[in-house]
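Data from protein.txt: compact mmCIF, C-alpha atoms and all ligand atoms
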# COMPACT_ATOMS: atom_id res chain seq x y z
CA MET A 243 0.00 0.00 0.00
CA SER A 244 2.26 2.74 -1.32
CA ILE A 245 1.77 6.41 -2.12
CA LEU A 246 1.32 6.71 -5.88
CA VAL A 247 2.34 10.02 -7.46
CA LEU A 248 1.23 11.15 -10.92
CA ALA A 249 4.48 12.30 -12.56
CA GLU A 250 3.32 14.43 -15.47
CA GLN A 251 5.53 14.63 -18.52
CA GLU A 252 5.43 16.66 -21.70
CA HIS A 253 7.45 15.66 -24.78
CA GLY A 254 9.58 13.33 -22.66
CA THR A 255 10.41 15.85 -19.95
CA PHE A 256 8.92 15.59 -16.47
CA LYS A 257 7.18 18.66 -15.15
CA LYS A 258 8.60 20.28 -12.01
CA THR A 259 5.62 19.01 -10.05
CA ALA A 260 6.82 15.42 -10.45
CA ALA A 261 9.95 15.94 -8.32
CA GLU A 262 8.09 18.20 -5.91
CA LEU A 263 5.30 15.69 -5.24
CA LEU A 264 7.61 12.68 -5.10
CA ALA A 265 9.79 14.37 -2.47
CA LYS A 266 6.73 15.25 -0.38
CA ALA A 267 5.36 11.75 -0.81
CA THR A 268 8.69 10.35 0.42
CA GLU A 269 8.39 12.46 3.56
CA LEU A 270 4.79 11.32 4.14
CA ALA A 271 5.71 7.70 3.40
CA GLY A 272 8.36 7.89 6.12
CA SER A 273 5.65 8.72 8.67
CA LEU A 274 3.24 6.12 7.29
CA GLY A 275 5.87 3.38 7.04
CA THR A 276 5.22 2.84 3.34
CA THR A 277 6.94 3.40 0.00
CA VAL A 278 6.49 5.75 -2.93
CA ASP A 279 5.63 4.82 -6.52
CA ALA A 280 5.09 6.98 -9.60
CA VAL A 281 2.71 6.67 -12.52
CA VAL A 282 3.75 8.03 -15.90
CA LEU A 283 1.33 8.31 -18.81
CA GLY A 284 3.12 7.40 -22.01
CA THR A 285 6.61 6.26 -22.80
CA GLY A 286 9.37 8.63 -23.83
CA ALA A 287 10.39 10.04 -20.46
CA ASP A 288 13.15 8.49 -18.37
CA ALA A 289 10.87 6.91 -15.76
CA ALA A 290 13.75 5.28 -13.86
CA SER A 291 15.10 8.78 -13.12
CA LEU A 292 12.13 9.36 -10.79
CA GLY A 293 14.01 7.20 -8.30
CA ALA A 294 16.21 10.25 -7.70
CA TYR A 295 13.22 11.81 -5.90
CA GLY A 296 12.16 8.74 -3.95
CA ALA A 297 10.07 6.59 -6.32
CA ALA A 298 10.73 2.89 -5.73
CA ARG A 299 8.70 1.87 -8.79
CA ALA A 300 7.57 3.82 -11.83
CA PHE A 301 4.42 2.45 -13.47
CA VAL A 302 4.60 3.48 -17.11
CA VAL A 303 1.27 3.20 -18.90
CA ASP A 304 1.82 2.53 -22.58
CA GLY A 305 -0.59 4.38 -24.85
CA ASP A 306 -1.09 7.43 -27.01
CA PHE A 307 -1.41 10.44 -24.73
CA SER A 308 -0.22 12.99 -27.28
CA SER A 309 -3.62 14.71 -27.25
CA TYR A 310 -5.48 14.85 -23.99
CA ASP A 311 -8.55 12.66 -23.83
CA GLY A 312 -10.20 12.34 -20.42
CA ASP A 313 -11.62 8.86 -21.01
CA THR A 314 -8.21 7.52 -22.00
CA ALA A 315 -6.38 9.25 -19.15
CA VAL A 316 -8.83 7.93 -16.54
CA ALA A 317 -8.67 4.38 -17.90
CA ALA A 318 -4.86 4.54 -17.91
CA LEU A 319 -4.68 5.91 -14.37
CA ALA A 320 -7.15 3.27 -13.15
CA ALA A 321 -4.91 0.57 -14.65
CA ALA A 322 -1.90 2.02 -12.82
CA VAL A 323 -3.83 2.15 -9.54
CA ASP A 324 -4.84 -1.45 -10.09
CA ALA A 325 -1.20 -2.44 -10.62
CA ALA A 326 0.26 -0.39 -7.77
CA SER A 327 -2.54 -0.82 -5.14
CA PRO A 328 -1.75 2.46 -3.40
CA SER A 329 -3.34 3.70 -0.19
CA VAL A 330 -2.80 7.32 -1.29
CA VAL A 331 -2.66 8.96 -4.73
CA LEU A 332 -1.10 12.41 -5.21
CA ALA A 333 -1.45 14.43 -8.40
CA PRO A 334 -0.64 18.01 -9.37
CA ALA A 335 -3.62 20.36 -9.65
CA SER A 336 -2.85 20.69 -13.38
CA TYR A 337 -5.29 20.86 -16.26
CA LEU A 338 -4.99 17.11 -16.85
CA ALA A 339 -5.48 16.32 -13.19
CA LYS A 340 -8.36 18.76 -12.73
CA ASP A 341 -10.28 16.84 -15.36
CA ALA A 342 -9.06 13.28 -14.91
CA ILE A 343 -8.55 12.92 -11.16
CA PRO A 344 -12.13 13.57 -9.99
CA ARG A 345 -13.29 11.10 -12.63
CA LEU A 346 -10.72 8.61 -11.37
CA ALA A 347 -11.97 9.10 -7.81
CA ALA A 348 -15.55 8.48 -8.94
CA ARG A 349 -14.50 5.40 -10.87
CA LEU A 350 -12.66 4.00 -7.84
CA GLY A 351 -15.51 4.91 -5.51
CA THR A 352 -13.26 7.02 -3.32
CA GLY A 353 -12.91 10.69 -2.38
CA GLN A 354 -10.57 13.51 -3.29
CA GLY A 355 -9.07 16.53 -1.54
CA SER A 356 -8.60 19.15 -4.27
CA GLU A 357 -6.06 21.95 -4.75
CA CYS A 358 -4.18 21.30 -1.52
CA THR A 359 -1.31 23.59 -0.59
CA ASP A 360 0.01 21.36 2.20
CA LEU A 361 -0.08 17.71 3.20
CA ARG A 362 0.77 16.05 6.51
CA VAL A 363 0.25 12.77 8.31
CA ASP A 364 -2.02 12.78 11.33
CA GLY A 365 -3.38 9.72 13.11
CA GLY A 366 -2.03 7.41 10.42
CA ALA A 367 -3.80 9.25 7.60
CA VAL A 368 -2.78 11.90 5.10
CA VAL A 369 -4.43 15.24 5.79
CA GLY A 370 -4.62 17.85 3.02
CA ARG A 371 -4.82 21.57 3.71
CA ARG A 372 -6.75 23.47 1.06
CA PRO A 373 -7.90 27.05 0.56
CA VAL A 374 -11.67 27.56 0.30
CA TYR A 375 -13.96 30.59 -0.11
CA ALA A 376 -11.56 32.23 -2.60
CA GLY A 377 -8.65 31.58 -0.25
CA LYS A 378 -10.20 33.32 2.77
CA VAL A 379 -10.25 30.11 4.79
CA LEU A 380 -7.92 27.14 4.96
CA CYS A 381 -9.48 23.79 5.79
CA ASP A 382 -8.01 20.38 6.54
CA VAL A 383 -9.46 17.39 4.70
CA THR A 384 -9.09 13.65 5.04
CA VAL A 385 -10.45 11.08 2.61
CA SER A 386 -12.35 8.11 3.95
CA GLY A 387 -12.16 5.95 0.79
CA THR A 388 -9.17 4.02 -0.53
CA PRO A 389 -7.01 5.17 -2.14
CA ALA A 390 -7.18 8.63 -0.59
CA ILE A 391 -6.67 11.03 -3.50
CA PHE A 392 -5.26 14.55 -3.25
CA THR A 393 -4.39 17.11 -5.91
CA VAL A 394 -1.76 19.67 -4.95
CA ARG A 395 -1.00 23.13 -6.32
CA ALA A 396 2.39 23.54 -7.97
CA ASN A 397 5.13 25.17 -5.86
CA SER A 398 3.52 24.16 -2.56
CA PHE A 399 6.69 22.46 -1.33
CA GLY A 400 9.51 23.79 -3.50
CA GLN A 401 11.96 21.90 -5.67
CA PRO A 402 13.97 19.14 -4.00
CA GLU A 403 17.58 18.19 -4.71
CA ALA A 404 17.89 15.08 -6.86
CA GLY A 405 19.30 12.00 -5.15
CA SER A 406 20.94 9.07 -6.88
CA GLY A 407 18.36 6.26 -6.84
CA ALA A 408 16.72 4.66 -9.86
CA ALA A 409 13.11 3.50 -9.89
CA GLU A 410 12.16 0.01 -11.04
CA VAL A 411 10.18 0.56 -14.24
CA VAL A 412 6.95 -1.46 -14.48
CA GLN A 413 5.09 -1.42 -17.80
CA VAL A 414 1.31 -1.25 -17.54
CA SER A 415 -1.04 -1.90 -20.40
CA PHE A 416 -4.70 -0.97 -20.53
CA ASP A 417 -7.64 -1.14 -22.86
CA ALA A 418 -8.01 2.34 -24.31
CA PRO A 419 -11.71 3.19 -24.60
CA ALA A 420 -13.19 3.96 -27.99
CA PRO A 421 -12.67 7.70 -28.52
CA ARG A 422 -15.71 9.89 -27.96
CA LEU A 423 -13.95 12.96 -29.27
CA THR A 424 -11.43 13.67 -31.99
CA VAL A 425 -8.83 16.39 -31.71
CA VAL A 426 -8.87 18.12 -35.09
CA LYS A 427 -6.31 20.82 -34.40
CA ARG A 428 -3.91 21.69 -31.65
CA GLU A 429 -2.50 25.19 -31.25
CA THR A 430 0.35 25.68 -28.86
CA PRO A 431 0.78 29.26 -27.68
CA GLU A 432 4.18 30.80 -28.26
CA GLN A 433 5.73 30.79 -24.86
CA ASP A 434 9.22 31.58 -23.70
CA ALA A 435 8.35 31.40 -20.00
CA VAL A 436 7.00 28.73 -17.66
CA ASP A 437 3.21 28.31 -17.65
CA LEU A 438 1.55 30.57 -15.06
CA THR A 439 0.13 27.72 -13.00
CA GLU A 440 3.62 26.27 -12.51
CA ALA A 441 5.63 29.50 -12.41
CA ASP A 442 7.76 30.14 -9.35
CA ARG A 443 7.83 33.92 -10.02
CA ILE A 444 5.08 36.04 -11.55
CA VAL A 445 4.87 39.73 -12.43
CA SER A 446 1.28 40.81 -13.02
CA GLY A 447 -0.12 44.04 -14.38
CA GLY A 448 -3.52 45.64 -13.98
CA ARG A 449 -5.84 48.16 -15.57
CA SER A 450 -3.45 50.94 -14.59
CA LEU A 451 -1.10 49.92 -17.42
CA LYS A 452 -3.52 51.76 -19.73
CA SER A 453 -2.52 49.98 -22.97
CA ALA A 454 -1.15 46.76 -24.43
CA GLU A 455 1.93 48.72 -25.51
CA ASN A 456 2.59 49.78 -21.91
CA PHE A 457 1.97 46.22 -20.70
CA ASP A 458 4.57 44.98 -23.19
CA ALA A 459 7.00 47.77 -22.35
CA ILE A 460 6.69 47.63 -18.54
CA ILE A 461 5.45 44.24 -17.30
CA ARG A 462 7.06 41.84 -19.77
CA PRO A 463 10.62 43.23 -19.49
CA LEU A 464 10.40 43.13 -15.68
CA ALA A 465 9.10 39.56 -15.82
CA LYS A 466 11.91 38.61 -18.19
CA ALA A 467 14.57 40.25 -16.02
CA LEU A 468 13.29 38.26 -13.03
CA GLY A 469 12.97 34.97 -14.90
CA ALA A 470 9.26 35.27 -14.16
CA THR A 471 6.04 34.69 -16.10
CA ALA A 472 3.76 37.62 -16.91
CA GLY A 473 0.24 37.64 -15.48
CA ALA A 474 -2.65 40.10 -15.57
CA SER A 475 -5.79 41.15 -13.77
CA ARG A 476 -9.11 40.61 -15.49
CA ALA A 477 -9.46 44.34 -16.03
CA ALA A 478 -6.19 44.30 -17.97
CA VAL A 479 -7.30 41.26 -19.98
CA ASP A 480 -10.78 42.68 -20.69
CA ALA A 481 -9.16 45.89 -21.92
CA GLY A 482 -7.00 43.87 -24.32
CA TYR A 483 -3.65 44.61 -22.66
CA ALA A 484 -2.87 40.91 -22.17
CA PRO A 485 -4.31 37.63 -23.52
CA HIS A 486 -6.83 35.66 -21.49
CA GLU A 487 -4.39 32.84 -20.77
CA GLU A 488 -2.45 35.33 -18.64
CA GLN A 489 -5.41 36.19 -16.42
CA VAL A 490 -4.98 35.39 -12.74
CA GLY A 491 -8.00 35.00 -10.50
CA GLN A 492 -11.37 33.42 -10.00
CA THR A 493 -12.15 33.29 -13.71
CA GLY A 494 -8.50 33.02 -14.71
CA LYS A 495 -5.67 30.85 -13.46
CA THR A 496 -4.89 29.88 -9.91
CA VAL A 497 -1.21 30.44 -9.21
CA ASN A 498 1.01 29.60 -6.26
CA PRO A 499 4.47 31.11 -6.89
CA SER A 500 7.24 31.92 -4.41
CA LEU A 501 7.08 35.54 -5.59
CA TYR A 502 4.08 37.46 -6.97
CA ILE A 503 4.54 41.10 -7.95
CA ALA A 504 1.24 42.90 -8.46
CA CYS A 505 1.77 46.11 -10.42
CA GLY A 506 -1.15 48.54 -10.35
CA ILE A 507 -3.63 45.87 -9.24
CA SER A 508 -6.19 46.90 -6.63
CA GLY A 509 -6.56 43.46 -5.00
CA ALA A 510 -10.21 42.67 -5.72
CA ILE A 511 -11.43 39.46 -4.08
CA GLN A 512 -11.69 37.75 -7.48
CA HIS A 513 -8.03 38.51 -8.19
CA LEU A 514 -6.94 37.44 -4.71
CA ALA A 515 -8.76 34.14 -5.24
CA GLY A 516 -6.15 33.21 -7.82
CA MET A 517 -2.95 34.33 -6.09
CA ARG A 518 -3.32 34.77 -2.35
CA THR A 519 -1.44 31.56 -1.52
CA SER A 520 1.71 33.06 -3.14
CA LYS A 521 4.58 32.87 -0.64
CA VAL A 522 5.79 36.47 -1.04
CA ILE A 523 3.50 39.14 -2.48
CA VAL A 524 4.89 42.51 -3.55
CA ALA A 525 2.34 45.21 -4.36
CA ILE A 526 3.19 48.36 -6.29
CA ASN A 527 0.30 50.81 -6.15
CA THR A 528 -0.15 54.57 -5.97
CA ASP A 529 -3.08 54.24 -3.56
CA PRO A 530 -1.93 53.41 -0.01
CA GLU A 531 -5.50 52.28 0.77
CA ALA A 532 -5.58 49.69 -2.05
CA PRO A 533 -6.83 46.33 -0.63
CA ILE A 534 -3.85 44.50 -2.13
CA PHE A 535 -1.65 46.01 0.60
CA GLU A 536 -3.57 44.02 3.25
CA HIS A 537 -2.20 40.86 1.66
CA ALA A 538 1.22 42.07 0.55
CA THR A 539 4.44 40.96 2.21
CA TYR A 540 6.08 44.12 0.84
CA GLY A 541 4.20 47.19 -0.31
CA VAL A 542 5.54 49.96 -2.53
CA VAL A 543 3.34 53.06 -2.64
CA ALA A 544 4.54 54.48 -5.92
CA ASP A 545 3.82 54.90 -9.60
CA LEU A 546 4.52 51.65 -11.42
CA PHE A 547 5.70 53.64 -14.46
CA ASP A 548 8.58 54.88 -12.26
CA VAL A 549 9.31 51.80 -10.20
CA CYS A 550 9.04 48.93 -12.69
CA PRO A 551 11.54 50.25 -15.29
CA GLN A 552 14.01 51.01 -12.48
CA LEU A 553 13.60 47.48 -11.13
CA THR A 554 14.09 46.04 -14.62
CA THR A 555 17.27 48.07 -15.11
CA LYS A 556 18.68 47.11 -11.70
CA LEU A 557 17.91 43.42 -12.26
CA GLY A 558 19.50 43.60 -15.71
CA ALA A 559 22.61 45.14 -14.15
CA LEU A 560 22.82 42.24 -11.66
CA ASP A 561 23.05 39.79 -14.56
CA SER A 562 25.87 41.57 -16.36
C1 LIG A 601 -17.60 37.04 -11.46
C2 LIG A 601 -16.34 37.85 -11.51
C3 LIG A 601 -15.14 37.20 -11.78
C4 LIG A 601 -13.95 37.94 -11.82
N1 LIG A 601 -12.77 37.26 -12.06
C5 LIG A 601 -11.61 37.96 -11.99
C6 LIG A 601 -10.37 37.30 -12.18
O1 LIG A 601 -10.30 36.10 -12.45
N2 LIG A 601 -9.24 38.05 -12.07
C7 LIG A 601 -9.26 39.38 -11.79
O2 LIG A 601 -8.18 39.99 -11.71
N3 LIG A 601 -10.43 40.03 -11.64
C8 LIG A 601 -11.60 39.36 -11.75
N4 LIG A 601 -12.77 40.03 -11.63
C9 LIG A 601 -12.75 41.51 -11.64
C10 LIG A 601 -12.38 42.12 -10.31
O3 LIG A 601 -13.56 42.31 -9.54
C11 LIG A 601 -11.70 43.49 -10.51
O4 LIG A 601 -12.56 44.30 -11.28
C12 LIG A 601 -10.36 43.43 -11.21
O5 LIG A 601 -9.52 42.49 -10.58
C13 LIG A 601 -9.70 44.80 -11.15
O6 LIG A 601 -8.52 44.78 -11.88
P1 LIG A 601 -7.38 45.83 -11.54
O7 LIG A 601 -6.92 45.65 -10.15
O8 LIG A 601 -6.37 45.73 -12.64
O9 LIG A 601 -8.10 47.23 -11.76
P2 LIG A 601 -8.61 48.30 -10.72
O10 LIG A 601 -9.47 47.69 -9.68
O11 LIG A 601 -9.14 49.43 -11.52
O12 LIG A 601 -7.30 48.75 -9.96
C14 LIG A 601 -6.24 49.48 -10.54
C15 LIG A 601 -5.26 49.79 -9.44
O13 LIG A 601 -4.13 50.41 -10.00
C16 LIG A 601 -3.71 51.47 -9.15
N5 LIG A 601 -2.97 52.41 -9.99
C17 LIG A 601 -3.47 53.29 -10.90
N6 LIG A 601 -2.45 53.90 -11.54
C18 LIG A 601 -1.30 53.41 -11.03
C19 LIG A 601 0.06 53.65 -11.29
N7 LIG A 601 0.46 54.50 -12.23
N8 LIG A 601 1.00 52.96 -10.57
C20 LIG A 601 0.61 52.08 -9.61
N9 LIG A 601 -0.68 51.82 -9.32
C21 LIG A 601 -1.63 52.45 -10.03
C22 LIG A 601 -4.97 52.03 -8.55
O14 LIG A 601 -4.69 52.67 -7.31
C23 LIG A 601 -5.81 50.75 -8.38
O15 LIG A 601 -5.60 50.17 -7.09
C24 LIG A 601 -13.97 39.33 -11.60
C25 LIG A 601 -15.19 39.97 -11.31
C26 LIG A 601 -16.34 39.25 -11.28
C27 LIG A 601 -17.64 39.95 -10.97

The structure in this file should be written as structure tokens.
Ligand SMILES: Cc1cc2nc3c(=O)[nH]c(=O)nc-3n(C[C@H](O)[C@H](O)[C@H](O)COP(=O)(O)OP(=O)(O)OC[C@H]3O[C@@H](n4cnc5c(N)ncnc54)[C@H](O)[C@@H]3O)c2cc1C
Amino acid sequence: MSILVLAEQEHGTFKKTAAELLAKATELAGSLGTTVDAVVLGTGADAASLGAYGAARAFVVDGDFSSYDGDTAVAALAAAVDAASPSVVLAPASYLAKDAIPRLAARLGTGQGSECTDLRVDGGAVVGRRPVYAGKVLCDVTVSGTPAIFTVRANSFGQPEAGSGAAEVVQVSFDAPAPRLTVVKRETPEQDAVDLTEADRIVSGGRSLKSAENFDAIIRPLAKALGATAGASRAAVDAGYAPHEEQVGQTGKTVNPSLYIACGISGAIQHLAGMRTSKVIVAINTDPEAPIFEHATYGVVADLFDVCPQLTTKLGALDS
């Protein structure tokens, strides 16, 4: 009865969440007196390398996962659960997992703690801590079914150092269900930064940027200088300053970086819903009464058009 971790991969490279979740699972397994396994959908990634983060076995499900199909993913994950017989399943709160994991839980007749930001062992069971009510309240959840399933937001535990172990690779086959949908076209956005939901640093801009040109001239260079991903408030997205995939908040993406810099963002509840679990929040705002300051670790009462370019220049100077 191990802890089974979904190690997500893309084009043969494991996502950062794989190492993060495996390391946390190893810590939990120590308290539970059990071991850690990984499940990998599709061949192509070096599954044995997951041993470096604590996986004893890596269950590699052979199949075509090049285009996401929920039915196929759930059937594949169920086959891996069948092979591994875990007592606990951990998965990142990614787009795949948000769709497939609740369906897996229903199929297995068990429960799920969603979007956890912390996990611990208490009384012999894994307890997940998750934000609710747009992040205003944190609640602890346990799962009464088996396996107990939890999804976890990226960057909740940080990146571990790789060890030297190698996981035993176990091939798993499954009967792929007849497709109920056909992917006719796939468009991948041009992206030179980490996806927002996985980014460790984010620089976001709000309505105060006043134009897409300003957003490009102020927010993106600062994000680039910091090795961060650009984000935006809904007001900035609605005004056309940034594309929708960069929106952070209730109707945008939920992010959980180590550093979130909010530039000219008031801190509306719907924006906070997407970013308030960030470890360090820096707010730059001309209005000292702006609600964002109630949640900021560091507040800068200033004009972003002054501060951001200076920050970008200083950060650029550090690199050279
Ligand atoms: C159902 C629903 C869902 C929503 N979902 C989301 C969501 O997912 N994400 C989201 O962000 N919002 C969402 N909203 C909208 C949300 O309520 C706010 O309207 C929005 O977040 C405001 O964006 P903003 O902070 O950029 O703009 P504003 O609220 O207009 O704030 C601009 C801020 O910039 C400051 N400022 C102005 N000029 C400067 C300057 N030169 N330098 C520094 N600071 C300056 C001002 O003091 C102000 O605090 C949602 C609303 C609803 C009703």

At a cut-off of 8 Å, using only C-alpha atoms, what residues contact range 267-280 of chain A? Leave out same-chain residues fewer than 2 positions from it and give the result as an NGL selection string.
:A and (243-249 or 263-265 or 282 or 292 or 295-301 or 326 or 332 or 362-363 or 366-368)

Nearest to Val411 in chain A by atom-to-atom distance, counting all atoms listed in the file, from A:Ser508, A:Thr539, A:Asp545, A:Val302:
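Looking at the shortest contact to Val411 in chain A, the residue is A:Val302.
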
Taking all atoms listed in the file into account, which residues are within 9 Å of ligand LIG 601 (chain A), as number ranges by chain?
A: 447-452, 474-479, 489-496, 504-516, 525-534, 542-549

Please check which residues have atoms at most 12 Å from (9.5, 17.1, -11.5) in the file's coordinates, counting only C-alpha atoms, and write them as a VMD selection string.
chain A and resid 247 to 252 254 to 266 280 282 287 to 289 291 to 297 333 to 334 396 to 397 399 to 404 440

Hey, which of A:Pro421, A:Pro485, A:Pro499, A:Gly353 ends up closest to Gly312 in chain A? Count only C-alpha atoms.
A:Pro421

Could you give me, as a VMD selection string, the residues within 7 Å of Leu361 in chain A, counting all atoms listed in the file and dropping anything in the same chain fewer than 4 positions from it?
chain A and resid 368 to 371

Counting all atoms listed in the file, which residue out of A:Ala454, A:Val426, A:Ala376, A:Ala465 sits closest to Met517 in chain A?
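Looking only at the distances to Met517 in chain A, the closest residue turns out to be A:Ala376.
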
Hey, what's within 12 Å of Ser308 in chain A if we count all atoms listed in the file and toss same-chain stuff fewer than 4 positions away? As a compact mmCIF listing (two decimals) with C-alpha atoms, in the coordinates of the input, please?
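Saved result, result.txt, follows:
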# COMPACT_ATOMS: atom_id res chain seq x y z
CA GLN A 251 5.53 14.63 -18.52
CA GLU A 252 5.43 16.66 -21.70
CA HIS A 253 7.45 15.66 -24.78
CA GLY A 254 9.58 13.33 -22.66
CA LEU A 283 1.33 8.31 -18.81
CA GLY A 284 3.12 7.40 -22.01
CA THR A 285 6.61 6.26 -22.80
CA GLY A 286 9.37 8.63 -23.83
CA ASP A 304 1.82 2.53 -22.58
CA THR A 314 -8.21 7.52 -22.00
CA ALA A 315 -6.38 9.25 -19.15
CA VAL A 425 -8.83 16.39 -31.71
CA ARG A 428 -3.91 21.69 -31.65

Within 6 Å of (-6.8, 15.6, -8.4) (file coordinates; all atoms listed in the file), which protein or nucleic acid residues are there? I'd like them as JSON, numbers by chain.
{"A": [333, 335, 339, 340, 343, 344, 356, 392, 393]}

Quick check, in Å to one decimal: how far apart do CA of Ala320 in chain A and CA of Asn498 in chain A lie?
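Distance reported for this atom pair: 28.4 Å.
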
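Of the residues under consideration (A:Pro551, A:Pro419, A:Pro431, A:Gly305), A:Pro431 shows the shortest atom-to-atom contact distance to Glu487 in chain A when counting all atoms listed in the file.
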
CA of Asn456 in chain A to CA of Glu432 in chain A: how many Å, to one decimal?
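Between these atoms lies a distance of 20.1 Å.
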